[in-house]
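File shown: model.pdb (PDB, C-alpha atoms, pLDDT in the B column).
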MODEL        1
ATOM      1  CA  MET A   1      81.588 142.652   9.293  1.00 59.00           C
ATOM      2  CA  ASN A   2      80.075 145.424   7.220  1.00 86.00           C
ATOM      3  CA  ASP A   3      81.856 147.675   4.710  1.00 89.00           C
ATOM      4  CA  ILE A   4      82.242 150.490   7.234  1.00 88.00           C
ATOM      5  CA  GLU A   5      83.905 148.328   9.880  1.00 90.00           C
ATOM      6  CA  GLU A   6      86.079 146.691   7.251  1.00 91.00           C
ATOM      7  CA  ARG A   7      87.384 150.051   5.997  1.00 90.00           C
ATOM      8  CA  VAL A   8      88.045 151.259   9.555  1.00 89.00           C
ATOM      9  CA  GLN A   9      89.925 148.039  10.241  1.00 89.00           C
ATOM     10  CA  ASP A  10      92.027 148.603   7.110  1.00 88.00           C
ATOM     11  CA  ILE A  11      92.896 152.154   8.193  1.00 86.00           C
ATOM     12  CA  MET A  12      93.808 151.020  11.711  1.00 84.00           C
ATOM     13  CA  ALA A  13      95.863 148.112  10.396  1.00 85.00           C
ATOM     14  CA  GLU A  14      97.906 150.531   8.316  1.00 84.00           C
ATOM     15  CA  TYR A  15      98.104 153.507  10.687  1.00 79.00           C
ATOM     16  CA  GLY A  16      96.835 152.309  14.087  1.00 70.00           C
ATOM     17  CA  ASP A  17     100.222 152.596  15.724  1.00 73.00           C
ATOM     18  CA  LEU A  18     100.211 156.374  15.162  1.00 70.00           C
ATOM     19  CA  VAL A  19      98.454 157.114  18.429  1.00 66.00           C
ATOM     20  CA  THR A  20     100.546 159.990  19.767  1.00 62.00           C
ATOM     21  CA  GLY A  21     100.410 162.449  16.889  1.00 61.00           C
ATOM     22  CA  GLU A  22     104.177 162.802  16.837  1.00 65.00           C
ATOM     23  CA  GLU A  23     104.938 160.326  14.073  1.00 65.00           C
ATOM     24  CA  PRO A  24     105.889 161.602  10.592  1.00 74.00           C
ATOM     25  CA  GLN A  25     103.041 159.658   8.909  1.00 82.00           C
ATOM     26  CA  VAL A  26     100.336 161.508  10.847  1.00 84.00           C
ATOM     27  CA  GLU A  27      99.390 163.619   7.816  1.00 86.00           C
ATOM     28  CA  GLU A  28      98.883 160.416   5.797  1.00 88.00           C
ATOM     29  CA  LEU A  29      96.607 159.098   8.546  1.00 88.00           C
ATOM     30  CA  LYS A  30      94.664 162.368   8.621  1.00 89.00           C
ATOM     31  CA  ARG A  31      94.168 162.208   4.844  1.00 91.00           C
ATOM     32  CA  ALA A  32      93.025 158.566   5.037  1.00 91.00           C
ATOM     33  CA  ILE A  33      90.560 159.395   7.813  1.00 92.00           C
ATOM     34  CA  GLN A  34      89.237 162.468   6.013  1.00 94.00           C
ATOM     35  CA  ASP A  35      88.778 160.487   2.805  1.00 93.00           C
ATOM     36  CA  PHE A  36      86.947 157.747   4.711  1.00 93.00           C
ATOM     37  CA  LEU A  37      84.702 160.221   6.518  1.00 94.00           C
ATOM     38  CA  GLU A  38      83.829 162.035   3.297  1.00 93.00           C
ATOM     39  CA  HIS A  39      83.594 159.179   0.803  1.00 93.00           C
ATOM     40  CA  GLY A  40      83.451 155.889   2.697  1.00 91.00           C
ATOM     41  CA  PRO A  41      80.578 153.418   2.692  1.00 90.00           C
ATOM     42  CA  GLY A  42      77.399 153.993   4.686  1.00 91.00           C
ATOM     43  CA  MET A  43      76.082 157.145   6.279  1.00 91.00           C
ATOM     44  CA  PRO A  44      78.501 159.830   7.596  1.00 90.00           C
ATOM     45  CA  ASP A  45      77.501 159.323  11.235  1.00 92.00           C
ATOM     46  CA  GLN A  46      78.002 155.559  10.929  1.00 93.00           C
ATOM     47  CA  ARG A  47      81.492 156.098   9.554  1.00 93.00           C
ATOM     48  CA  ARG A  48      82.380 158.552  12.315  1.00 92.00           C
ATOM     49  CA  GLN A  49      81.067 156.303  15.103  1.00 94.00           C
ATOM     50  CA  ALA A  50      82.901 153.252  13.744  1.00 93.00           C
ATOM     51  CA  LEU A  51      86.122 155.238  13.602  1.00 92.00           C
ATOM     52  CA  LEU A  52      85.743 156.711  17.089  1.00 92.00           C
ATOM     53  CA  LYS A  53      85.062 153.247  18.481  1.00 92.00           C
ATOM     54  CA  ARG A  54      88.481 152.124  17.242  1.00 89.00           C
ATOM     55  CA  MET A  55      90.176 155.248  18.655  1.00 89.00           C
ATOM     56  CA  LYS A  56      89.179 154.621  22.293  1.00 89.00           C
ATOM     57  CA  GLY A  57      92.000 155.581  24.600  1.00 87.00           C
ATOM     58  CA  TRP A  58      93.565 158.009  22.136  1.00 88.00           C
ATOM     59  CA  ASP A  59      94.139 161.618  23.181  1.00 88.00           C
ATOM     60  CA  PRO A  60      90.899 163.589  22.566  1.00 91.00           C
ATOM     61  CA  ASP A  61      92.794 166.512  21.008  1.00 90.00           C
ATOM     62  CA  TYR A  62      94.535 164.144  18.601  1.00 88.00           C
ATOM     63  CA  ILE A  63      91.208 162.531  17.649  1.00 90.00           C
ATOM     64  CA  ALA A  64      89.709 165.982  17.082  1.00 92.00           C
ATOM     65  CA  TYR A  65      92.664 166.942  14.876  1.00 90.00           C
ATOM     66  CA  LEU A  66      92.354 163.778  12.786  1.00 89.00           C
ATOM     67  CA  THR A  67      88.574 163.920  12.364  1.00 91.00           C
ATOM     68  CA  ARG A  68      88.156 167.684  11.907  1.00 89.00           C
ATOM     69  CA  PRO A  69      87.624 168.597   8.259  1.00 84.00           C
ATOM     70  CA  THR A  70      90.563 170.399   6.689  1.00 74.00           C
TER      71      THR A  70
ENDMDL
END
Turn this file's structure into structure tokens for me.
Amino acid sequence: MNDIEERVQDIMAEYGDLVTGEEPQVEELKRAIQDFLEHGPGMPDQRRQALLKRMKGWDPDYIAYLTRPT
């Protein structure tokens, strides 16, 4: 497992149950995702693709909200 996948796995382990967007910790998840996308290991597109792969089945609007820069 590379550094990118490992970091995505860490984020999902901590916040992966927040799949509806209605939970109070959603802003924490958004911050963690934004930090990963901006400063994580590897190239930006690699980080984004690894993250989206783990978000399969999530609501597209919710994914867009979480991954859109603030």
Might you spell out which residues the PyMOL selection byres ((chain A and resi 14) around 12) would select in the displayed file, as a PyMOL selection string? chain A and resi 7-13+15-18+25-26+28-29+32-33
Please provide as an NGL selection string all residues within 12 Å of Arg31 of chain A, with the sequence filter that same-chain residues fewer than 3 positions apart are discarded (counting all atoms listed in the file). :A and (11 or 15 or 25-28 or 34-39 or 65-70)
Atom CA of Glu6 of chain A and atom CA of Gln49 of chain A are how many Å apart? 13.4 Å
Evaluate the PyMOL selection byres ((chain A and resi 2) around 12) against this structure - the residues, as a PyMOL selection string, please. chain A and resi 1+3-9+40-42+46-47+50
Using all atoms of segment 41-52 of chain A that appear in the file, construct an axis-aligned enclosing box with 4 Å of padding on every side and provide its centre coordinates and edge lengths in Å, rounded to one decimal, as lines of an AutoDock Vina configuration file.
center_x = 81.1
center_y = 156.5
center_z = 9.9
size_x = 18.0
size_y = 14.6
size_z = 22.4
Could you state the separation of atom CA of Arg48 of chain A and atom CA of Pro24 of chain A in Å, given to one decimal place?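 One can read the atom CA of Arg48 of chain A to atom CA of Pro24 of chain A distance as 23.8 Å.
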